[in-house]
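Asks: Dumping the structure here so I can ask a few things about it.
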Amino acid sequence: MLQELSEQEEIRRTKLAELKKLGINPYPAEEFKVNVTAQDIKENYVGNEDNYKNVSFAGRIMSVRDMGKAAFAVLQDSTDRMQIYVRRDDICPAEDDKQLYDVVWKKLLDIGDIIGIEGYVFTTKMGEISIHVTNFKLLCKSLKPLPIVKTDAEGNSFDEVTDPEFRYRQRYVDLLINPKVKKTFEQRTTIINTIRTFLNEGGALEVDTPVLQSIPGGATARPFLTHHNALDIPLYLRIANELYLKRLIVGGFDWVYEFSRNFRNEGMDRTHNPEFTILEFYVAYRDYFWMMNTTEKLLEKIAVDLHGKTELTVGDKTINFAAPFKRVTIFDAIKEHTGVDVSKMNEAELRGVCKQLHLEIDDTMGKAKLIDTIFGEKCEGNYIQPTFITDYPVEMSPLTKKHRTEEGLVERFELMINGKEIANAYSELNDPIDQRARFEEQVELMERGDDEAMFIDYDFLRALEYGMPPTAGIGIGIDRLCMLMTNQPSIQDVLLFPTMRPEAKAELTPQEN
RNA sequence: GAUUCCGUAGCUCAGCUGGUAGAGCAAUACACUUUUAAUGUAUGGGCCCUGGGUUCGAGUCCCAGCGGGAUCACCA
């Protein structure tokens with residue numbers, strides 16, 4: 001690849017050559033033994049000074065303050081930043097050879113380089129805990145100038161790199177120079193660890209199910225299509241893993257879960273990425289009431305593990321994750337926010353209501369979709385505090401068990417938080433004959449023009465015919481949950497490498513021509 | 001997919017009604033042995049996203065494309 005180098009890049013390459021000329025390997029192979037981290041020093045040095053008289057530390061140079069025959073620099077390791085103090089006559093004790101300081105340190109090192117140092121910890125006149133360097137070694141020469149973000153004593157940052165394109169495409173730089181970014185991703189992992197611990201302690205088994213599926217089932221969405229050469233068959237990237245986890249319940253596991261990376265070939269925006277993560281779990285002999293109790297306990301625990309409290313600030317709202325959450329049926333929700341009781345209405349009456357409310361509808365929409373539209377437009381955004389919306393119409397829940405008492409409804413809930421759906425759960429449909437009929441209704445919907453209807457998975461039906469115990473299941477959108485819990489406005493801020501259009505068109509290789 | 005805003009130095013940004021580019025940080029050079037957004041002096045660095053067009057003249061105006069953000073549609 002041909003690339004034009006900027007002035008600063010040329011200079012760094014020249015320095016690289018000079019280092020080599022001096023016999024310094026800019027990319028040494030041998031390990032550099034580190035015996036302390038920045039965080040360790042900052043937390044433990046005071047009161048334990050004797051333990052920090054011989055430290056070995058490594059990090060990336062983030063700034064340098066050169067003062068002639070001495071200098072301060074800030075190194076960043078994986079835990080924090082640490083100031084170091086380098087004095088010429090300490091690292092170059094010989095009277096006639098000051099090259100290591102005058103040439104290597106002052107001329108040939110740059111911001112962004114990674115060095116290892118040895119020395120002792122002390123506190124400067126200004127009161128900052130620092131390492132007094134007795135020896136240093138270049139561990140990696142950096143050839144690209146690192147954008148500098150400066151921060152003053154009040155915590156104001158200057159020249160912060162905010163360009164989203166730069167940040168998402170070069171996340172490695174974003175992570176280095178914007179400490180808050182790193183924290184968000186550490187929090188994401190904390191959330192996932194909390195969930196995993198919660199489920200494992202409850203007796204759940206983590207499993208892996210196929211990502212490549214010949215029938216993209218378990219949800220309604222446009223899939224990504226690929227092709228397997230050896231079998232010469234089309235394969236889809238999964239849009240959900242639901243049907244596989246239920247097969248495992250048939251197979252005798254009582255509680256299974258999977259953090260499922262799903263792929264949906266649809267639009268992208270602040271809350272959608274083509275690949276995203278859903279946690280699904282299925283528990284035998286439970287119903288959706290048990291699932292509500294479990295879900296609210298889990299979310300409360302996540303909030304507490306992450307922030308030490310249940311009340312969080314999200315944007316300009318305060319959200320309280322303390323269990324129990326409010327529960328409202330979808331019909332009551334609609335009645336509350338529109339004044340209309342749609343619970344006994346037929347399709348024609350529902351169309352009338354939609355018209356009155358000025359909602360856009362079309363002929364392909366069935367009864368359930370009309371209800372869902374009313375709820376989505378008029379109600380959903382109002383549920384800022386965690387709320388379970390329950391008891392949906394049967395038509396749009398083809399995998400859900402019919403309600404134990406209410407005709408035409410299913411035992412389903414969605415968890416709404418901050419006006420968005422975070423989780424979707426059911427008492428799972430385990431009647432194989434009913435399930436087959438529901439799939440067939442989906443085919444009819446598809447023929448009517450609904451391009452979101454489900455495919456029929458005959459092997460899944462076969463599994464149900466062997467018998468699946470009554471089961472409660474849930475899917476929780478992990479990315480959106482992370483957005484909430486870390487107060488990030490965009491899904492791209494909780495995905496390390498969000499999907500982006502390629503920077504340049506890939507050059508055609510000769511073979512392809 | 002639609003609408004709209006944006007794209008200028010490594011980074012953050014100026015650049016008025018069109019007259020061939022500026023600042024701060026970063027870089028280079030010099031000074032400075034406890035600084036912390038270190039400081040002082042000097043210097044260099046730009047296919048102004050790409051391609052057309054209008055014009056004597058385009059970073060600036062028009063059109064198309066590429067890339068990004070926001071809003072909407074679809075969805076989780």
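Please note that chains go A, B, ... in the order of the structure tokens, that every chain numbers its residues from 1, and that ligands are numbered from 1 in the order shown.
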Output as a VMD selection string all residues of segment 319-448 of chain A that backbone DSSP marks as helix (DSSP H, G or I).

Replies: chain A and resid 330 to 338 347 to 356 367 to 378 380 to 382 394 to 396 432 to 448

Asks: Considering only C-alpha atoms (C1' of nucleotides), return as a PyMOL selection string whatever protein or nucleic-acid residues lie within 12 Å of Gly23 of chain A, sequence-local ones (same chain, fewer than 4 positions apart) excluded.

Replies: chain A and resi 16-19+27-28+100+104+138

Asks: With only C-alpha atoms (C1' of nucleotides) counted and 8 Å as the cut-off, give the residues of chain B in contact with chain A, each with its shortest interatomic distance in Å and the pair that gives it, as JSON lines.

Replies:
{"residue": "B:G10", "atom": "C1'", "partner": "A:Pro145", "partner_atom": "CA", "distance": 5.4}
{"residue": "B:C11", "atom": "C1'", "partner": "A:Pro147", "partner_atom": "CA", "distance": 4.8}
{"residue": "B:U12", "atom": "C1'", "partner": "A:Asp159", "partner_atom": "CA", "distance": 4.3}
{"residue": "B:C25", "atom": "C1'", "partner": "A:Ile148", "partner_atom": "CA", "distance": 7.3}
{"residue": "B:A26", "atom": "C1'", "partner": "A:Ile148", "partner_atom": "CA", "distance": 7.0}
{"residue": "B:A27", "atom": "C1'", "partner": "A:Gln8", "partner_atom": "CA", "distance": 6.0}
{"residue": "B:A31", "atom": "C1'", "partner": "A:Gly68", "partner_atom": "CA", "distance": 7.7}
{"residue": "B:C32", "atom": "C1'", "partner": "A:Gly68", "partner_atom": "CA", "distance": 5.0}
{"residue": "B:U33", "atom": "C1'", "partner": "A:Ala70", "partner_atom": "CA", "distance": 5.0}
{"residue": "B:U34", "atom": "C1'", "partner": "A:Lys125", "partner_atom": "CA", "distance": 5.8}
{"residue": "B:U35", "atom": "C1'", "partner": "A:Phe72", "partner_atom": "CA", "distance": 6.3}
{"residue": "B:A37", "atom": "C1'", "partner": "A:Asp152", "partner_atom": "CA", "distance": 5.3}
{"residue": "B:A38", "atom": "C1'", "partner": "A:Arg65", "partner_atom": "CA", "distance": 6.2}
{"residue": "B:G45", "atom": "C1'", "partner": "A:Glu7", "partner_atom": "CA", "distance": 6.2}
{"residue": "B:G67", "atom": "C1'", "partner": "A:Glu503", "partner_atom": "CA", "distance": 7.3}
{"residue": "B:G68", "atom": "C1'", "partner": "A:Glu165", "partner_atom": "CA", "distance": 5.7}
{"residue": "B:G69", "atom": "C1'", "partner": "A:Pro164", "partner_atom": "CA", "distance": 7.6}
{"residue": "B:C74", "atom": "C1'", "partner": "A:Gly267", "partner_atom": "CA", "distance": 6.7}
{"residue": "B:C75", "atom": "C1'", "partner": "A:Glu266", "partner_atom": "CA", "distance": 6.8}
{"residue": "B:A76", "atom": "C1'", "partner": "A:Gly477", "partner_atom": "CA", "distance": 6.7}

Asks: Any idea what's packed within 12 Å of Leu248 of chain A, counting only C-alpha atoms (C1' of nucleotides), ignoring anything in its chain fewer than 2 positions away? Could you give it as a VMD selection string?

Replies: chain A and resid 205 to 209 241 to 246 250 to 258 281 to 284 460 463 to 464 467 to 469 471

Asks: Would you please work out which residue, of A:Gly202, A:Gly366, A:Gly473, A:Gly352, is nearest to Glu411 of chain A when using only C-alpha atoms?

Replies: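 Closest residue, counting only C-alpha atoms: A:Gly473.
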
Asks: Excluding Asp316 of chain A and any residue of its chain fewer than 3 positions from it, enumerate the residues within 10 Å of it, using only C-alpha atoms (C1' of nucleotides), and give them as a ChimeraX atom specification.

Replies: /A:313,319,487

Asks: Output N, CA and C atoms for every residue in the selection just made, as a PDB file, in the first residue's frame.

Replies:
ATOM      1  N   THR A 313     -28.110   7.862  36.928  1.00  0.00           N
ATOM      2  CA  THR A 313     -28.420   8.949  36.017  1.00  0.00           C
ATOM      3  C   THR A 313     -28.204   8.466  34.591  1.00  0.00           C
ATOM      4  N   ILE A 319     -32.954   6.955  36.942  1.00  0.00           N
ATOM      5  CA  ILE A 319     -33.661   5.681  36.844  1.00  0.00           C
ATOM      6  C   ILE A 319     -33.309   4.831  38.052  1.00  0.00           C
ATOM      7  N   ASN A 487     -24.548   4.940  30.951  1.00  0.00           N
ATOM      8  CA  ASN A 487     -24.974   6.281  30.550  1.00  0.00           C
ATOM      9  C   ASN A 487     -24.323   6.716  29.234  1.00  0.00           C
TER      10      ASN A 487
END

Asks: Between atom CA of Arg351 of chain A and atom CA of Arg327 of chain A, measure the distance and give it in Å to one decimal.

Replies: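 These two atoms are separated by 26.8 Å.
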
Asks: Expressed in Å to a single decimal, how great is the separation between atom CA of Gln488 of chain A and atom C1' of U4 of chain B?

Replies: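 Spanning atom CA of Gln488 of chain A to atom C1' of U4 of chain B is a straight-line distance of 23.7 Å.
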
Asks: Show me, as a short mmCIF file (atom, residue, chain, number, x, y, z; two decimals) with all heavy atoms, in the first residue's frame, the residues that have an atom within 9 Å of segment 405-408 of chain A when counting only C-alpha atoms (C1' of nucleotides), minus same-chain residues fewer than 4 positions from it.

Replies:
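This went into result.cif:
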data_model
loop_
_atom_site.label_atom_id
_atom_site.label_comp_id
_atom_site.auth_asym_id
_atom_site.auth_seq_id
_atom_site.Cartn_x
_atom_site.Cartn_y
_atom_site.Cartn_z
N ASP A 391 -48.71 -9.59 28.84
CA ASP A 391 -49.92 -10.16 28.26
C ASP A 391 -50.23 -9.60 26.88
O ASP A 391 -51.19 -8.83 26.69
CB ASP A 391 -51.11 -9.95 29.22
CG ASP A 391 -50.85 -10.65 30.55
OD1 ASP A 391 -49.88 -11.43 30.62
OD2 ASP A 391 -51.60 -10.39 31.50
N TYR A 392 -49.39 -10.00 25.93
CA TYR A 392 -49.50 -9.52 24.55
C TYR A 392 -50.50 -10.35 23.76
O TYR A 392 -50.78 -11.50 24.11
CB TYR A 392 -48.12 -9.58 23.89
CG TYR A 392 -47.18 -8.49 24.37
CD1 TYR A 392 -46.69 -8.49 25.67
CD2 TYR A 392 -46.77 -7.48 23.51
CE1 TYR A 392 -45.83 -7.48 26.11
CE2 TYR A 392 -45.92 -6.47 23.94
CZ TYR A 392 -45.45 -6.48 25.24
OH TYR A 392 -44.62 -5.49 25.67
N PRO A 393 -51.00 -9.82 22.64
CA PRO A 393 -51.88 -10.60 21.77
C PRO A 393 -51.12 -11.77 21.15
O PRO A 393 -49.92 -11.65 20.87
CB PRO A 393 -52.29 -9.60 20.67
CG PRO A 393 -51.90 -8.26 21.16
CD PRO A 393 -50.82 -8.43 22.16
N VAL A 394 -51.83 -12.83 20.91
CA VAL A 394 -51.19 -14.08 20.48
C VAL A 394 -50.56 -13.96 19.09
O VAL A 394 -49.53 -14.55 18.83
CB VAL A 394 -52.21 -15.26 20.52
CG1 VAL A 394 -53.36 -15.02 19.58
CG2 VAL A 394 -51.52 -16.57 20.23
N GLU A 395 -51.15 -13.15 18.21
CA GLU A 395 -50.73 -13.16 16.81
C GLU A 395 -49.27 -12.78 16.61
O GLU A 395 -48.63 -13.22 15.65
CB GLU A 395 -51.59 -12.20 15.97
CG GLU A 395 -53.03 -12.66 15.79
CD GLU A 395 -53.93 -12.19 16.92
OE1 GLU A 395 -53.42 -11.82 18.00
OE2 GLU A 395 -55.16 -12.20 16.74
#

Asks: I'd like the interatomic distance between atom CA of Leu225 of chain A and atom CA of Leu237 of chain A, to a tenth of an Å.

Replies: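 Taking atom CA of Leu225 of chain A as the start and atom CA of Leu237 of chain A as the end point, the length is 6.6 Å.
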
Asks: Residues near segment 369-382 of chain A, anyone? I mean within 7 Å using only C-alpha atoms (C1' of nucleotides), not counting same-chain ones fewer than 5 positions away, as a list in words.

Replies: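 Answer for this query is Ala333, Ile334, His337, Leu350, Cys354, Met396, Gly419 and Lys420 of chain A.
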
Asks: Let's have the selection written as a JSON list (two decimals), in the first residue's frame, with N, CA, C and O atoms.

Replies:
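Ended up saving to out_28.json:
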[["chain", "number", "residue", "atom", "x", "y", "z"],
["A", 333, "ALA", "N", -51.84, -0.33, 29.54],
["A", 333, "ALA", "CA", -50.89, 0.72, 29.14],
["A", 333, "ALA", "C", -51.52, 1.58, 28.06],
["A", 333, "ALA", "O", -51.45, 2.81, 28.11],
["A", 334, "ILE", "N", -52.16, 0.93, 27.09],
["A", 334, "ILE", "CA", -52.79, 1.69, 26.00],
["A", 334, "ILE", "C", -53.95, 2.53, 26.53],
["A", 334, "ILE", "O", -54.10, 3.69, 26.17],
["A", 337, "HIS", "N", -52.59, 5.65, 28.29],
["A", 337, "HIS", "CA", -51.95, 6.70, 27.50],
["A", 337, "HIS", "C", -52.76, 7.19, 26.32],
["A", 337, "HIS", "O", -52.40, 8.19, 25.70],
["A", 350, "LEU", "N", -59.74, -1.62, 15.46],
["A", 350, "LEU", "CA", -58.38, -1.19, 15.76],
["A", 350, "LEU", "C", -57.86, -0.23, 14.68],
["A", 350, "LEU", "O", -57.18, 0.75, 14.98],
["A", 354, "CYS", "N", -56.38, 3.55, 15.19],
["A", 354, "CYS", "CA", -55.11, 4.02, 14.64],
["A", 354, "CYS", "C", -55.32, 5.29, 13.84],
["A", 354, "CYS", "O", -54.51, 6.22, 13.90],
["A", 396, "MET", "N", -48.73, -11.92, 17.46],
["A", 396, "MET", "CA", -47.35, -11.52, 17.20],
["A", 396, "MET", "C", -46.36, -12.19, 18.13],
["A", 396, "MET", "O", -45.23, -11.75, 18.27],
["A", 419, "GLY", "N", -37.82, 4.33, 28.16],
["A", 419, "GLY", "CA", -38.59, 4.40, 26.91],
["A", 419, "GLY", "C", -38.17, 3.42, 25.85],
["A", 419, "GLY", "O", -38.57, 3.56, 24.69],
["A", 420, "LYS", "N", -37.37, 2.43, 26.21],
["A", 420, "LYS", "CA", -36.88, 1.45, 25.24],
["A", 420, "LYS", "C", -37.06, 0.03, 25.76],
["A", 420, "LYS", "O", -36.98, -0.20, 26.97]]

Asks: Neighbours of Tyr288 of chain A within 6 Å (only C-alpha atoms (C1' of nucleotides); same-chain residues fewer than 2 positions away dropped), as a PyMOL selection string?

Replies: chain A and resi 290-291+426-427+472

Asks: Store the residues picked out above in a file with N, CA and C atoms, as a PDB file, in the first residue's frame.

Replies:
ATOM      1  N   TRP A 290     -42.208 -15.986  37.418  1.00  0.00           N
ATOM      2  CA  TRP A 290     -40.884 -16.273  38.011  1.00  0.00           C
ATOM      3  C   TRP A 290     -39.814 -15.462  37.273  1.00  0.00           C
ATOM      4  N   MET A 291     -39.974 -15.382  35.944  1.00  0.00           N
ATOM      5  CA  MET A 291     -38.981 -14.688  35.144  1.00  0.00           C
ATOM      6  C   MET A 291     -38.940 -13.196  35.469  1.00  0.00           C
ATOM      7  N   TYR A 426     -41.021 -14.939  27.786  1.00  0.00           N
ATOM      8  CA  TYR A 426     -42.284 -15.671  27.720  1.00  0.00           C
ATOM      9  C   TYR A 426     -42.294 -16.839  28.692  1.00  0.00           C
ATOM     10  N   SER A 427     -43.527 -17.288  28.933  1.00  0.00           N
ATOM     11  CA  SER A 427     -43.730 -18.692  29.241  1.00  0.00           C
ATOM     12  C   SER A 427     -43.685 -19.359  27.877  1.00  0.00           C
ATOM     13  N   ALA A 472     -39.690 -21.101  31.178  1.00  0.00           N
ATOM     14  CA  ALA A 472     -39.680 -19.646  31.029  1.00  0.00           C
ATOM     15  C   ALA A 472     -38.389 -19.255  30.326  1.00  0.00           C
TER      16      ALA A 472
END

Asks: Looking at A:Leu429, A:Met454, A:Leu22, A:Val314, which one is nearest to Glu441 of chain A, with distances taken over only C-alpha atoms?

Replies: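 Ranking A:Leu429, A:Met454, A:Leu22, A:Val314 by distance to Glu441 of chain A, first place goes to A:Met454.
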
Asks: Using only C-alpha atoms, which residue out of A:Ile474, A:Ile417, A:Ile117, A:Ile239 lies closest to Thr295 of chain A?

Replies: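 Closest residue, counting only C-alpha atoms: A:Ile474.
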